[in-house]
Amino acid sequence: MSERRILNARSIKTPDWEIDDSVTGLHPDAHRIDFSSRHSHKPTKPMYDLIVNDILTVLLPTHRTSLNVKFIVLTIVLVYVIYVGAEWLDNVWKNSSQYSLARTFASIILHGSALAWTIYYFQVTELIWNSVRHNQPTWWMDPTVAAVNRLPMHTTSLRLFANEENARRAACLVELATRETKIQEAQTPNVWKLDDLQWTLELHVTVQFALDAVKDKNKHLNPRPVKIPGNWMLQGFYDKPIYTNIKYPFPCRPPLVPLLNPTGRYCVTLGTLPLDWEQAIFQQHASVTLMLHGIESAAYVYLNDGFIGFTKDSRLPAEFDLTPIIQPSNNVLEIVVVRWSDGSYVEDQDHWWMAGIHRSVELILRPRLASIMDYQVQADANGRLTCRVECRENVDVESTDNLSSSPDIKRKLLVSLYDDAQTTAMGAEWVKGKCVFQSEELVVSGNVVTFSSVVNNIQLWTAETPHLYTMTIQLLVDGKVTQVESCRIGFRSGSIENGQYLVNGVAITVCGINRHEHDPDTGKVVSLESMKRDIMLLKQNNFNAVRTSHYPNHPCFYRLCDFYGLYVCDEANIETHGLKPMGRLAHDPGWESMFVSRVVRMVQRDRNHACIMFWSLGNEAGRGRNLQKARDIVKRLDQSRPVCYESGGEFYWGAGNTELTDLVCNMYPDVPLTIELATRNDEDRPVVLCEYSHAMGNSSGNLHLYWEAFWDPAIPRLQGGYIWDMVDQGLRKTSRAGVEYFGYGGDFGDTCNDLQFCCNGLFSPDRNPHPAVAEAKFLMQPVDFAPDCAYEMGAVKVMVNGRQEAQLRFRVTNRYSFLDLSHLVWSWYLKFDGSLTTLHAGTFNILNGNSANIRLDAALRRIRLIQGQLYFLHIRGALKSSCSWADAGHVVVSHQFKVDFAALTPAIKADVSLNSLTEHLAISNNGECWVIKRVAPGRTNTPLARVEQKSGRLCFLSHHGLNILADDLTINTTRASTDNDKGGFTITPGLNASNFFGWLRGYDNFSYATRWKCCGLDQAAPPVTKCRTSFVSDSGDKQTIETSTKFDILSADSKKLLFNAETTYSFQSDGAVQVSCEVSPRAAVKWLSSLPRIGINLQLNASLYHIQYFGRGPDENYPDRKSGSELGVYETSPANMGYLQYVYPVENGSRSDCEWIAFRRDDGTGLCICTDGPTFSCSALLHSATELENATHTCDLAERKDGYHTIHVNLDHKLMGVGGDTSWYPVVYEQFRVKPSQDYKFRFWLLPLEPNDNPAMLTRRFRKIGNPPRADSSTRGFYFN
């Protein structure tokens, strides 16, 4: 039997994706997108990528049948070269005394080249000839064969229920119903999940060894138990996971793959079939199929030693007929999974290369009279329900031949629609609804039945209002129900009008994110709970869309998106990023099946889901005839959705606007280019960025600039985009010291890798949100507030005790496309800069949906206005009641406004005095340091500070007898590099190649980190200082002593001059110290586009770990990523202020727009730092910047606790932003750079703190900003900033 099936297999290689020319989709009344772009009818210019690919198709064919041609052609070329070379030698050297030696030498080279090519040829084709000798076709290296014996694709919700009740109940579950479904009412007797059986795995080193082991039991290895689904490299087998972004982890010679190719032979004994199955199969002639929901990357299937079939495509199901071979008992199923195949060339998708059976395996019993093979449903916004049901030929009940048909059997279909309520995501709870529609019985006269009707009074589906109905399809044979199918559907329509994409006739903004399927412990195996958690995280943080980058996801993910409400861009499993040019295979006719099958079968599987808005042809695969054919077939299969595709139009990247796409969907344009794309007069398509804001490590800068454009009503065609991406793709590991951390490329023995480039998500591998999530949530929030009253200098003005009411008026913009604001409850609270506590709070309502008044009368009766205080109004919009993705009270909208109070009566003046002036200062010299002491009558003189004479550094600062400094205070001009800092061209410092490359490519193409290291700003080897002059001065009243030091800042290695600097310490008799700094960049750094930072670094005593500050928080923020961080007083500690959850340690923990920061001991005493100029950025961490720079994993940083380790404090006058448009090109915008072309002057105050001191009050004495109050003649009162 095995021999017969193998031989016959060649005749069953007809592509399972081809559709009949008569197939034009659904009923003519179904909704269709009438939009046709002016760019869709012919290839867009420039077309040099297509021209080059046409040439390469002839010169370098990339399918197996061309190998002999390539060998013959190149052999002829070599022979010709040998001949011409010999003739040339004869003409040139025939009279030379060295003629004989030269001729011999040249002959050896030429003949050696011919021999080398011959050896190479036989090496790369060895697999093919071995397979021919072993009578085993090498389908895993033949792109013309997408599958063998694979059955046509159908919707995965095809479950063959026996009655409608079970079908309705199962439709409201997320998991696909089987015999093992825990909820008995949702079980189907005809699907048997095999995951929990006793599977074993043998891992062979080549494909041929594994295939031979199927035929020859003597070649079996020692099988080991294995978990299904799973990736074998994460289950203790010798093979390893590999991460690459672009490059292939094997020699790039499509379609060939390495001879050493890990191949797993999975084996499971099915035992005795269920009794009802045995009777159906062997008495009623039912059929049995095997469903593999996901294998990577190719697989051979055998049952009882008989060949069943072959498949490729790692992310879509493959179904095979087992009926001819299955037995009543002792069935042995073997699945040979090949790691590397020609399919790997189109799966180069910037994620982990793994292998194995990573989704469920099922056996499906199809009773003889169960004739529904597939169905397509479309529910439009106008209430039209259209259904297309494919049935197999009529079957004769009495015949013993399973293929016999009988025209006398009467088959009818009954379509019903129920308003069932799925009250939980997993479907554990549901409520039966009424039947809102039922069709007449539809006579099945052929293989296809098409039905269309209008359902009245329906609720529409959107991401904001994801209302679903349950549809059932009953097949009746001679009046008896023989098969029932069901699914959840949503009524909605998509269209493109006037350059905008509309859902149900309304324009939407895509608040989207890209999402890989990834689990830190199980790799590509993602559980239902993990999918649910991902979607809830997205909804809770104001995302409304997801792109399944870069392959179709697990089928249950779409069921969850239907339920929760997410717009999905469903992407085909295609990417050839590692090929140059990328479109080489997309244009090669030999790869047509490989490309087209992946797109078409994705549509056939997923088209019934309401959540899917766009079909994507793949990612970064160039353009060509194969993708054009795929697009044409998709347009016939589903005319209700646009097709998008970014790649093509260029050699190495995509133009985003070729003839293949209905949307302009560029990736990673900067903000000016994004706006240009949406305002071009020659473009008529919506603009949705398929990827933007690369969230690698400490990133996501500039995000607010994108969203200013996305929300701008003057740019209607610009409709949002998908952030890259959701989750860091780290894999959990444990260090030798027992510390758990996340590994990335290269951590698993994978020598070909792209390091931590897989860690570019907004969430950590275990789904903890990175600080940038708060920024994204704020910018995408669906309600905006703008002051509708006096608003000056960034503050809302409020009259106090005046002739007007004390209230604030706001204009409210509802950015929801379909919801009003009745589901939110609105509140406000008032805080000021001197305390953590709330001064007053209240609630308010949105009036007419577009305005709000907040009355502060009651608040002002309870509080006292204090001179110089800053007041802030916080607005919150929270869920009024619990919903599917969040509990009641979850904050959806947050805004903050600074408030200026105009008072008719003078405000209370703050008492900000320090100690009395009875003390004075004295200075002495101990030979190494200047010692400054505080002197008071009747009290022992106490040292206040010590300043080193040679360096001029402050090395000692005392408060209550404790030196609060753990090391010298220094000027700081470096930082631990972020991933974005390292993005760009890299050269090795010291090779003096920078001038050449800078001339060739421009200095702006080099990474910031490379440029910093070239000039000596290397955090791994920080700059050093060289003192030039140092002196001390004393005021006449002995209340102030100043030390001033001028010094040079030099590179650590070459000692070249980087900066001239001067630091002046002004010691006050009350214990305060003013630190004044001047920094002047010199020629060695002036060529930089930006300095890392300008500020000071000090290391504080470990006991000062109680931190309070006024600035932006509560989480980390940076100059170009702070919109979502509110101003206020926050309490933290060094352990919490730092952020060590980035998989690759980088610069972290900064807080922007700070006015002061206080460090206290347990007894309340401590140090307060403020500036008397503009606000500053600050961080206080338990690890130094050098430690962060040298660490490559979180486990490299020793675990440290508050109170036991030195506190590393950075006080930044200027700090460069983190960037984020991309991570491979330096893209910090000019307004967020630290310019090396100017000098910098700044001052900080170091103030002693007593237990009862309020830092906000204390620092007002020293700040110039916001003090004193300004008189206003119109109110005869004061404005307080």
# chains A, B, ... in the order shown; residues from 1 in each chain; ligands from 1
>>> select_by_dssp(residues="range 503-587 of chain A", states="strand (DSSP E or B)", output="PyMOL selection string")
chain A and resi 503+506-507+510-514+519+523+545-547+567-571+575-576
>>> closest_atom_pairs(of="range 971-1087 of chain A", to="range 1240-1263 of chain A", cutoff="8 Å", atoms="only C-alpha atoms", output="Markdown table")
| residue | atom | partner | partner_atom | distance |
| --- | --- | --- | --- | --- |
| A:Gly1071 | CA | A:Pro1248 | CA | 6.2 |
| A:Ala1072 | CA | A:Leu1247 | CA | 4.6 |
| A:Val1073 | CA | A:Leu1246 | CA | 5.0 |
| A:Gln1074 | CA | A:Trp1245 | CA | 4.5 |
| A:Val1075 | CA | A:Phe1244 | CA | 5.1 |
| A:Ser1076 | CA | A:Arg1243 | CA | 4.3 |
| A:Cys1077 | CA | A:Phe1242 | CA | 5.5 |
| A:Glu1078 | CA | A:Lys1241 | CA | 4.5 |
| A:Val1079 | CA | A:Tyr1240 | CA | 5.1 |
| A:Ser1080 | CA | A:Tyr1240 | CA | 6.5 |
>>> write_last_selection(atoms="N, CA, C and O atoms", output="PDB file, in the first residue's frame")
ATOM      1  N   GLY A1071      24.457  75.817  55.156  1.00  0.00           N
ATOM      2  CA  GLY A1071      24.661  74.443  54.690  1.00  0.00           C
ATOM      3  C   GLY A1071      24.337  74.226  53.239  1.00  0.00           C
ATOM      4  O   GLY A1071      24.631  73.161  52.696  1.00  0.00           O
ATOM      5  N   ALA A1072      23.739  75.230  52.574  1.00  0.00           N
ATOM      6  CA  ALA A1072      23.432  75.090  51.155  1.00  0.00           C
ATOM      7  C   ALA A1072      24.701  75.240  50.327  1.00  0.00           C
ATOM      8  O   ALA A1072      25.621  75.969  50.697  1.00  0.00           O
ATOM      9  N   VAL A1073      24.716  74.524  49.176  1.00  0.00           N
ATOM     10  CA  VAL A1073      25.850  74.598  48.264  1.00  0.00           C
ATOM     11  C   VAL A1073      25.312  74.826  46.856  1.00  0.00           C
ATOM     12  O   VAL A1073      24.455  74.081  46.381  1.00  0.00           O
ATOM     13  N   GLN A1074      25.823  75.900  46.234  1.00  0.00           N
ATOM     14  CA  GLN A1074      25.470  76.150  44.841  1.00  0.00           C
ATOM     15  C   GLN A1074      26.581  75.599  43.949  1.00  0.00           C
ATOM     16  O   GLN A1074      27.760  75.901  44.160  1.00  0.00           O
ATOM     17  N   VAL A1075      26.212  74.792  42.970  1.00  0.00           N
ATOM     18  CA  VAL A1075      27.162  74.223  42.017  1.00  0.00           C
ATOM     19  C   VAL A1075      26.919  74.892  40.675  1.00  0.00           C
ATOM     20  O   VAL A1075      25.854  74.714  40.070  1.00  0.00           O
ATOM     21  N   SER A1076      27.886  75.672  40.203  1.00  0.00           N
ATOM     22  CA  SER A1076      27.779  76.370  38.921  1.00  0.00           C
ATOM     23  C   SER A1076      28.737  75.726  37.928  1.00  0.00           C
ATOM     24  O   SER A1076      29.907  75.502  38.253  1.00  0.00           O
ATOM     25  N   CYS A1077      28.256  75.450  36.750  1.00  0.00           N
ATOM     26  CA  CYS A1077      29.065  74.754  35.752  1.00  0.00           C
ATOM     27  C   CYS A1077      29.013  75.488  34.418  1.00  0.00           C
ATOM     28  O   CYS A1077      27.955  76.010  34.016  1.00  0.00           O
ATOM     29  N   GLU A1078      30.128  75.500  33.754  1.00  0.00           N
ATOM     30  CA  GLU A1078      30.233  75.980  32.382  1.00  0.00           C
ATOM     31  C   GLU A1078      30.961  74.905  31.583  1.00  0.00           C
ATOM     32  O   GLU A1078      32.032  74.443  31.984  1.00  0.00           O
ATOM     33  N   VAL A1079      30.370  74.522  30.463  1.00  0.00           N
ATOM     34  CA  VAL A1079      30.948  73.479  29.614  1.00  0.00           C
ATOM     35  C   VAL A1079      31.008  74.001  28.190  1.00  0.00           C
ATOM     36  O   VAL A1079      29.986  74.416  27.630  1.00  0.00           O
ATOM     37  N   SER A1080      32.207  73.958  27.608  1.00  0.00           N
ATOM     38  CA  SER A1080      32.416  74.463  26.252  1.00  0.00           C
ATOM     39  C   SER A1080      32.947  73.330  25.375  1.00  0.00           C
ATOM     40  O   SER A1080      34.096  72.898  25.532  1.00  0.00           O
TER      41      SER A1080
END
>>> residues_around(residues="Asp725 in chain A", least_positions_apart="4", cutoff="6 Å", atoms="only C-alpha atoms", output="list in words")
Ile513, Asn514, Arg515 and Gly761 of chain A
>>> residues_around(residues="Pro229 in chain A", least_positions_apart="3", cutoff="7 Å", atoms="only C-alpha atoms", output="PyMOL selection string")
chain A and resi 195+357-360+525
>>> write_last_selection(atoms="C-alpha atoms", output="PDB file, in the first residue's frame")
ATOM      1  CA  ASP A 195      -2.316  16.492  21.718  1.00  0.00           C
ATOM      2  CA  ILE A 357       4.518  20.599  15.619  1.00  0.00           C
ATOM      3  CA  HIS A 358       3.629  23.920  17.259  1.00  0.00           C
ATOM      4  CA  ARG A 359      -0.168  23.768  16.978  1.00  0.00           C
ATOM      5  CA  SER A 360      -2.702  21.064  17.679  1.00  0.00           C
ATOM      6  CA  VAL A 525       3.416  27.665  21.047  1.00  0.00           C
TER       7      VAL A 525
END
>>> residues_around(residues="Pro46 in chain A", least_positions_apart="5", cutoff="12 Å", atoms="only C-alpha atoms", output="list in words")
Ile51, Val52, Gly648, Gly649, Glu650, Phe651, Gly654, Ala655, Asn657, Thr658 and Glu659 of chain A
>>> write_last_selection(atoms="N, CA, C and O atoms", output="compact mmCIF listing (two decimals), in the first residue's frame")
# COMPACT_ATOMS: atom_id res chain seq x y z
N ILE A 51 12.44 44.80 -13.58
CA ILE A 51 13.34 44.54 -14.70
C ILE A 51 14.49 43.65 -14.25
O ILE A 51 14.85 42.66 -14.91
N VAL A 52 15.10 44.00 -13.12
CA VAL A 52 16.21 43.20 -12.60
C VAL A 52 15.75 41.79 -12.27
O VAL A 52 16.45 40.81 -12.55
N GLY A 648 8.14 46.09 -2.42
CA GLY A 648 8.19 46.32 -3.85
C GLY A 648 8.43 47.78 -4.18
O GLY A 648 8.16 48.68 -3.39
N GLY A 649 8.92 48.01 -5.40
CA GLY A 649 9.19 49.36 -5.85
C GLY A 649 10.63 49.79 -5.63
O GLY A 649 11.06 50.79 -6.19
N GLU A 650 11.35 49.06 -4.79
CA GLU A 650 12.77 49.33 -4.54
C GLU A 650 13.50 47.99 -4.46
O GLU A 650 12.88 46.93 -4.37
N PHE A 651 14.85 48.05 -4.48
CA PHE A 651 15.63 46.82 -4.39
C PHE A 651 15.59 46.24 -2.98
O PHE A 651 15.39 45.05 -2.79
N GLY A 654 10.62 48.53 0.71
CA GLY A 654 9.36 48.68 0.01
C GLY A 654 8.97 50.14 -0.13
O GLY A 654 9.23 50.96 0.75
N ALA A 655 8.31 50.45 -1.24
CA ALA A 655 7.82 51.80 -1.46
C ALA A 655 6.48 52.03 -0.76
O ALA A 655 6.09 53.16 -0.51
N ASN A 657 3.56 51.73 -1.89
CA ASN A 657 2.48 52.29 -2.72
C ASN A 657 2.47 51.69 -4.13
O ASN A 657 2.12 52.37 -5.09
N THR A 658 2.83 50.41 -4.25
CA THR A 658 2.83 49.78 -5.57
C THR A 658 1.41 49.42 -5.98
O THR A 658 0.44 49.64 -5.25
N GLU A 659 1.31 48.85 -7.17
CA GLU A 659 0.01 48.44 -7.70
C GLU A 659 -0.61 47.29 -6.92
O GLU A 659 -1.79 46.97 -7.10
>>> closest_residue(among="A:Thr200, A:Ser329, A:Thr1063, A:Ser1125", to="Asn222 in chain A", atoms="only C-alpha atoms")
A:Thr200
>>> residues_around(residues="Leu316 in chain A", least_positions_apart="3", cutoff="8 Å", atoms="only C-alpha atoms", output="PyMOL selection string")
chain A and resi 293-294+313+552+598+601-602
>>> write_last_selection(atoms="all heavy atoms", output="compact mmCIF listing (two decimals), in the first residue's frame")
# COMPACT_ATOMS: atom_id res chain seq x y z
N HIS A 293 -2.56 21.62 12.46
CA HIS A 293 -2.84 23.05 12.48
C HIS A 293 -1.58 23.90 12.31
O HIS A 293 -1.68 25.07 11.97
CB HIS A 293 -3.56 23.44 13.77
CG HIS A 293 -5.02 23.13 13.76
ND1 HIS A 293 -5.94 23.92 13.12
CD2 HIS A 293 -5.72 22.08 14.28
CE1 HIS A 293 -7.15 23.41 13.27
NE2 HIS A 293 -7.04 22.28 13.96
N GLY A 294 -0.40 23.32 12.56
CA GLY A 294 0.81 24.10 12.36
C GLY A 294 2.06 23.28 12.57
O GLY A 294 2.28 22.73 13.65
N ASP A 313 4.43 25.24 4.62
CA ASP A 313 3.74 26.41 5.19
C ASP A 313 3.57 26.20 6.70
O ASP A 313 2.75 25.42 7.15
CB ASP A 313 2.38 26.68 4.55
CG ASP A 313 1.85 28.06 4.96
OD1 ASP A 313 2.30 28.60 6.00
OD2 ASP A 313 0.99 28.60 4.25
N PRO A 552 -0.27 34.14 9.29
CA PRO A 552 -1.56 33.88 9.94
C PRO A 552 -1.35 33.32 11.34
O PRO A 552 -0.51 32.46 11.57
CB PRO A 552 -2.23 32.85 9.02
CG PRO A 552 -1.53 33.01 7.71
CD PRO A 552 -0.12 33.39 8.03
N ARG A 598 -0.04 30.30 -0.11
CA ARG A 598 -0.03 30.86 1.23
C ARG A 598 -1.04 32.00 1.39
O ARG A 598 -1.65 32.15 2.44
CB ARG A 598 1.39 31.33 1.58
CG ARG A 598 2.36 30.18 1.73
CD ARG A 598 3.82 30.61 1.72
NE ARG A 598 4.68 29.44 1.81
CZ ARG A 598 5.37 29.08 2.88
NH1 ARG A 598 5.32 29.83 3.98
NH2 ARG A 598 6.10 27.99 2.89
N ARG A 601 -4.89 30.33 0.68
CA ARG A 601 -5.35 29.45 1.75
C ARG A 601 -5.60 30.23 3.05
O ARG A 601 -6.46 29.86 3.84
CB ARG A 601 -4.35 28.32 1.97
CG ARG A 601 -4.21 27.40 0.75
CD ARG A 601 -3.18 26.32 0.93
NE ARG A 601 -3.63 25.28 1.84
CZ ARG A 601 -3.10 25.06 3.03
NH1 ARG A 601 -2.11 25.81 3.47
NH2 ARG A 601 -3.56 24.10 3.80
N MET A 602 -4.85 31.30 3.29
CA MET A 602 -5.13 32.16 4.45
C MET A 602 -6.53 32.77 4.33
O MET A 602 -7.31 32.77 5.31
CB MET A 602 -4.09 33.27 4.55
CG MET A 602 -4.40 34.33 5.59
SD MET A 602 -3.29 35.76 5.51
CE MET A 602 -3.84 36.53 3.98
>>> closest_residue(among="A:Asp142, A:Asp887, A:Asp820, A:Asp1018", to="Pro254 in chain A", atoms="only C-alpha atoms")
A:Asp142
>>> closest_residue(among="A:Phe282, A:Val596, A:Gly356, A:Phe818", to="Ile326 in chain A", atoms="only C-alpha atoms")
A:Phe282
>>> atom_distance(atom1="CA of Thr974 in chain A", atom2="CA of Asp1048 in chain A")
15.3 Å
>>> residues_around(residues="range 1141-1143 of chain A", least_positions_apart="5", cutoff="12 Å", atoms="only C-alpha atoms", output="ChimeraX atom specification")
/A:520,695-699,727-733,740-745,755-772,978-979,1116,1135-1136,1148-1149,1188,1191-1197
>>> write_last_selection(atoms="N, CA and C atoms", output="short mmCIF file (atom, residue, chain, number, x, y, z; two decimals), in the first residue's frame")
data_model
loop_
_atom_site.label_atom_id
_atom_site.label_comp_id
_atom_site.auth_asym_id
_atom_site.auth_seq_id
_atom_site.Cartn_x
_atom_site.Cartn_y
_atom_site.Cartn_z
N PRO A 520 7.80 33.18 26.16
CA PRO A 520 9.20 33.08 26.62
C PRO A 520 9.60 31.67 27.03
N ALA A 695 10.10 49.94 18.74
CA ALA A 695 10.16 50.01 20.20
C ALA A 695 11.25 49.10 20.76
N MET A 696 12.49 49.29 20.34
CA MET A 696 13.59 48.43 20.76
C MET A 696 14.26 48.99 22.00
N GLY A 697 14.08 48.32 23.12
CA GLY A 697 14.67 48.78 24.36
C GLY A 697 14.07 50.10 24.79
N ASN A 698 14.92 51.01 25.26
CA ASN A 698 14.48 52.33 25.70
C ASN A 698 14.27 53.18 24.45
N SER A 699 13.06 53.20 23.93
CA SER A 699 12.78 53.76 22.62
C SER A 699 11.45 54.49 22.64
N VAL A 727 5.76 42.52 21.71
CA VAL A 727 6.44 41.77 22.76
C VAL A 727 7.91 41.56 22.43
N ASP A 728 8.77 41.78 23.42
CA ASP A 728 10.17 41.37 23.29
C ASP A 728 10.22 39.85 23.11
N GLN A 729 10.91 39.40 22.09
CA GLN A 729 10.97 37.95 21.82
C GLN A 729 12.14 37.31 22.56
N GLY A 730 12.21 37.53 23.86
CA GLY A 730 13.22 36.88 24.67
C GLY A 730 12.76 35.50 25.11
N LEU A 731 13.72 34.58 25.26
CA LEU A 731 13.43 33.23 25.75
C LEU A 731 14.03 33.11 27.15
N ARG A 732 13.26 32.57 28.06
CA ARG A 732 13.67 32.50 29.45
C ARG A 732 14.84 31.53 29.63
N LYS A 733 15.85 32.01 30.35
CA LYS A 733 17.03 31.20 30.65
C LYS A 733 17.40 31.40 32.11
N GLU A 740 17.50 34.13 36.83
CA GLU A 740 16.65 34.01 35.65
C GLU A 740 16.76 35.28 34.81
N TYR A 741 16.83 35.11 33.49
CA TYR A 741 16.89 36.24 32.58
C TYR A 741 16.33 35.80 31.24
N PHE A 742 16.23 36.76 30.32
CA PHE A 742 15.72 36.45 28.98
C PHE A 742 16.88 36.48 27.99
N GLY A 743 16.99 35.40 27.22
CA GLY A 743 18.04 35.29 26.21
C GLY A 743 17.55 35.77 24.86
N TYR A 744 18.51 36.04 23.99
CA TYR A 744 18.20 36.50 22.64
C TYR A 744 19.18 35.82 21.68
N GLY A 745 19.28 36.31 20.46
CA GLY A 745 20.12 35.67 19.46
C GLY A 745 21.56 35.52 19.91
N LEU A 755 21.58 38.94 17.46
CA LEU A 755 21.66 39.42 18.84
C LEU A 755 20.28 39.81 19.38
N GLN A 756 20.21 41.01 20.00
CA GLN A 756 18.99 41.40 20.72
C GLN A 756 17.99 42.11 19.82
N PHE A 757 18.15 42.05 18.50
CA PHE A 757 17.22 42.75 17.64
C PHE A 757 15.81 42.15 17.71
N CYS A 758 15.68 41.00 18.32
CA CYS A 758 14.35 40.41 18.52
C CYS A 758 13.62 41.04 19.70
N CYS A 759 14.31 41.90 20.45
CA CYS A 759 13.70 42.50 21.65
C CYS A 759 13.32 43.94 21.34
N ASN A 760 12.21 44.11 20.67
CA ASN A 760 11.77 45.43 20.27
C ASN A 760 10.28 45.62 20.51
N GLY A 761 9.82 45.18 21.67
CA GLY A 761 8.40 45.26 21.98
C GLY A 761 8.09 46.30 23.04
N LEU A 762 6.83 46.69 23.08
CA LEU A 762 6.35 47.57 24.14
C LEU A 762 6.17 46.82 25.45
N PHE A 763 6.13 45.49 25.37
CA PHE A 763 5.97 44.66 26.56
C PHE A 763 7.14 43.69 26.64
N SER A 764 7.48 43.32 27.86
CA SER A 764 8.54 42.35 28.07
C SER A 764 8.06 40.97 27.64
N PRO A 765 8.95 39.98 27.54
CA PRO A 765 8.50 38.65 27.12
C PRO A 765 7.40 38.06 27.99
N ASP A 766 7.40 38.40 29.28
CA ASP A 766 6.32 37.91 30.14
C ASP A 766 5.21 38.93 30.31
N ARG A 767 5.15 39.89 29.37
CA ARG A 767 4.02 40.81 29.20
C ARG A 767 3.95 41.91 30.25
N ASN A 768 5.04 42.25 30.90
CA ASN A 768 5.05 43.45 31.73
C ASN A 768 5.24 44.66 30.82
N PRO A 769 4.44 45.71 31.01
CA PRO A 769 4.56 46.86 30.11
C PRO A 769 5.84 47.65 30.35
N HIS A 770 6.51 48.00 29.28
CA HIS A 770 7.64 48.92 29.37
C HIS A 770 7.11 50.34 29.57
N PRO A 771 7.96 51.26 30.00
CA PRO A 771 7.48 52.64 30.23
C PRO A 771 6.83 53.28 29.01
N ALA A 772 7.24 52.90 27.82
CA ALA A 772 6.68 53.53 26.62
C ALA A 772 5.20 53.20 26.43
N THR A 978 21.81 53.33 24.32
CA THR A 978 20.56 52.61 24.06
C THR A 978 20.71 51.85 22.75
N ASP A 979 19.75 50.97 22.48
CA ASP A 979 19.77 50.27 21.19
C ASP A 979 19.67 51.26 20.04
N GLU A 1116 9.61 56.03 34.04
CA GLU A 1116 10.69 56.59 33.24
C GLU A 1116 10.15 57.39 32.06
N ALA A 1135 15.91 51.57 43.60
CA ALA A 1135 15.56 50.27 43.01
C ALA A 1135 14.35 50.38 42.10
N ASN A 1136 13.46 51.31 42.40
CA ASN A 1136 12.24 51.48 41.61
C ASN A 1136 12.38 52.56 40.54
N ASN A 1148 18.64 54.20 31.37
CA ASN A 1148 17.27 54.07 31.83
C ASN A 1148 17.01 54.95 33.05
N GLY A 1149 15.74 55.06 33.41
CA GLY A 1149 15.34 55.62 34.68
C GLY A 1149 15.22 57.12 34.77
N LEU A 1188 26.01 49.54 33.23
CA LEU A 1188 24.96 49.33 32.24
C LEU A 1188 25.55 49.17 30.85
N ALA A 1191 27.09 45.64 30.46
CA ALA A 1191 26.19 44.49 30.63
C ALA A 1191 25.51 44.16 29.30
N THR A 1192 25.32 42.89 29.06
CA THR A 1192 24.60 42.45 27.86
C THR A 1192 23.30 41.72 28.19
N HIS A 1193 23.13 41.36 29.46
CA HIS A 1193 21.90 40.71 29.91
C HIS A 1193 21.58 41.23 31.31
N THR A 1194 20.35 41.10 31.69
CA THR A 1194 19.97 41.57 33.02
C THR A 1194 20.70 40.80 34.11
N CYS A 1195 21.07 39.55 33.86
CA CYS A 1195 21.77 38.77 34.87
C CYS A 1195 23.20 39.26 35.08
N ASP A 1196 23.70 40.11 34.16
CA ASP A 1196 25.04 40.68 34.33
C ASP A 1196 25.07 41.77 35.38
N LEU A 1197 23.90 42.27 35.74
CA LEU A 1197 23.80 43.31 36.75
C LEU A 1197 23.45 42.67 38.08
#
>>> atom_distance(atom1="CA of Thr155 in chain A", atom2="CA of Phe491 in chain A")
18.3 Å
>>> closest_atom_pairs(of="range 1053-1137 of chain A", to="range 919-922 of chain A", cutoff="12 Å", atoms="only C-alpha atoms", output="Markdown table")
| residue | atom | partner | partner_atom | distance |
| --- | --- | --- | --- | --- |
| A:Ser1066 | CA | A:Leu921 | CA | 11.3 |
| A:Phe1067 | CA | A:Leu921 | CA | 8.3 |
| A:Gln1068 | CA | A:Leu921 | CA | 7.6 |
| A:Ser1069 | CA | A:His920 | CA | 5.1 |
| A:Asp1070 | CA | A:Glu919 | CA | 7.1 |
| A:Gly1071 | CA | A:Leu921 | CA | 9.5 |
| A:Ala1072 | CA | A:Leu921 | CA | 11.7 |
>>> atom_distance(atom1="CA of Phe310 in chain A", atom2="CA of Thr181 in chain A")
28.9 Å
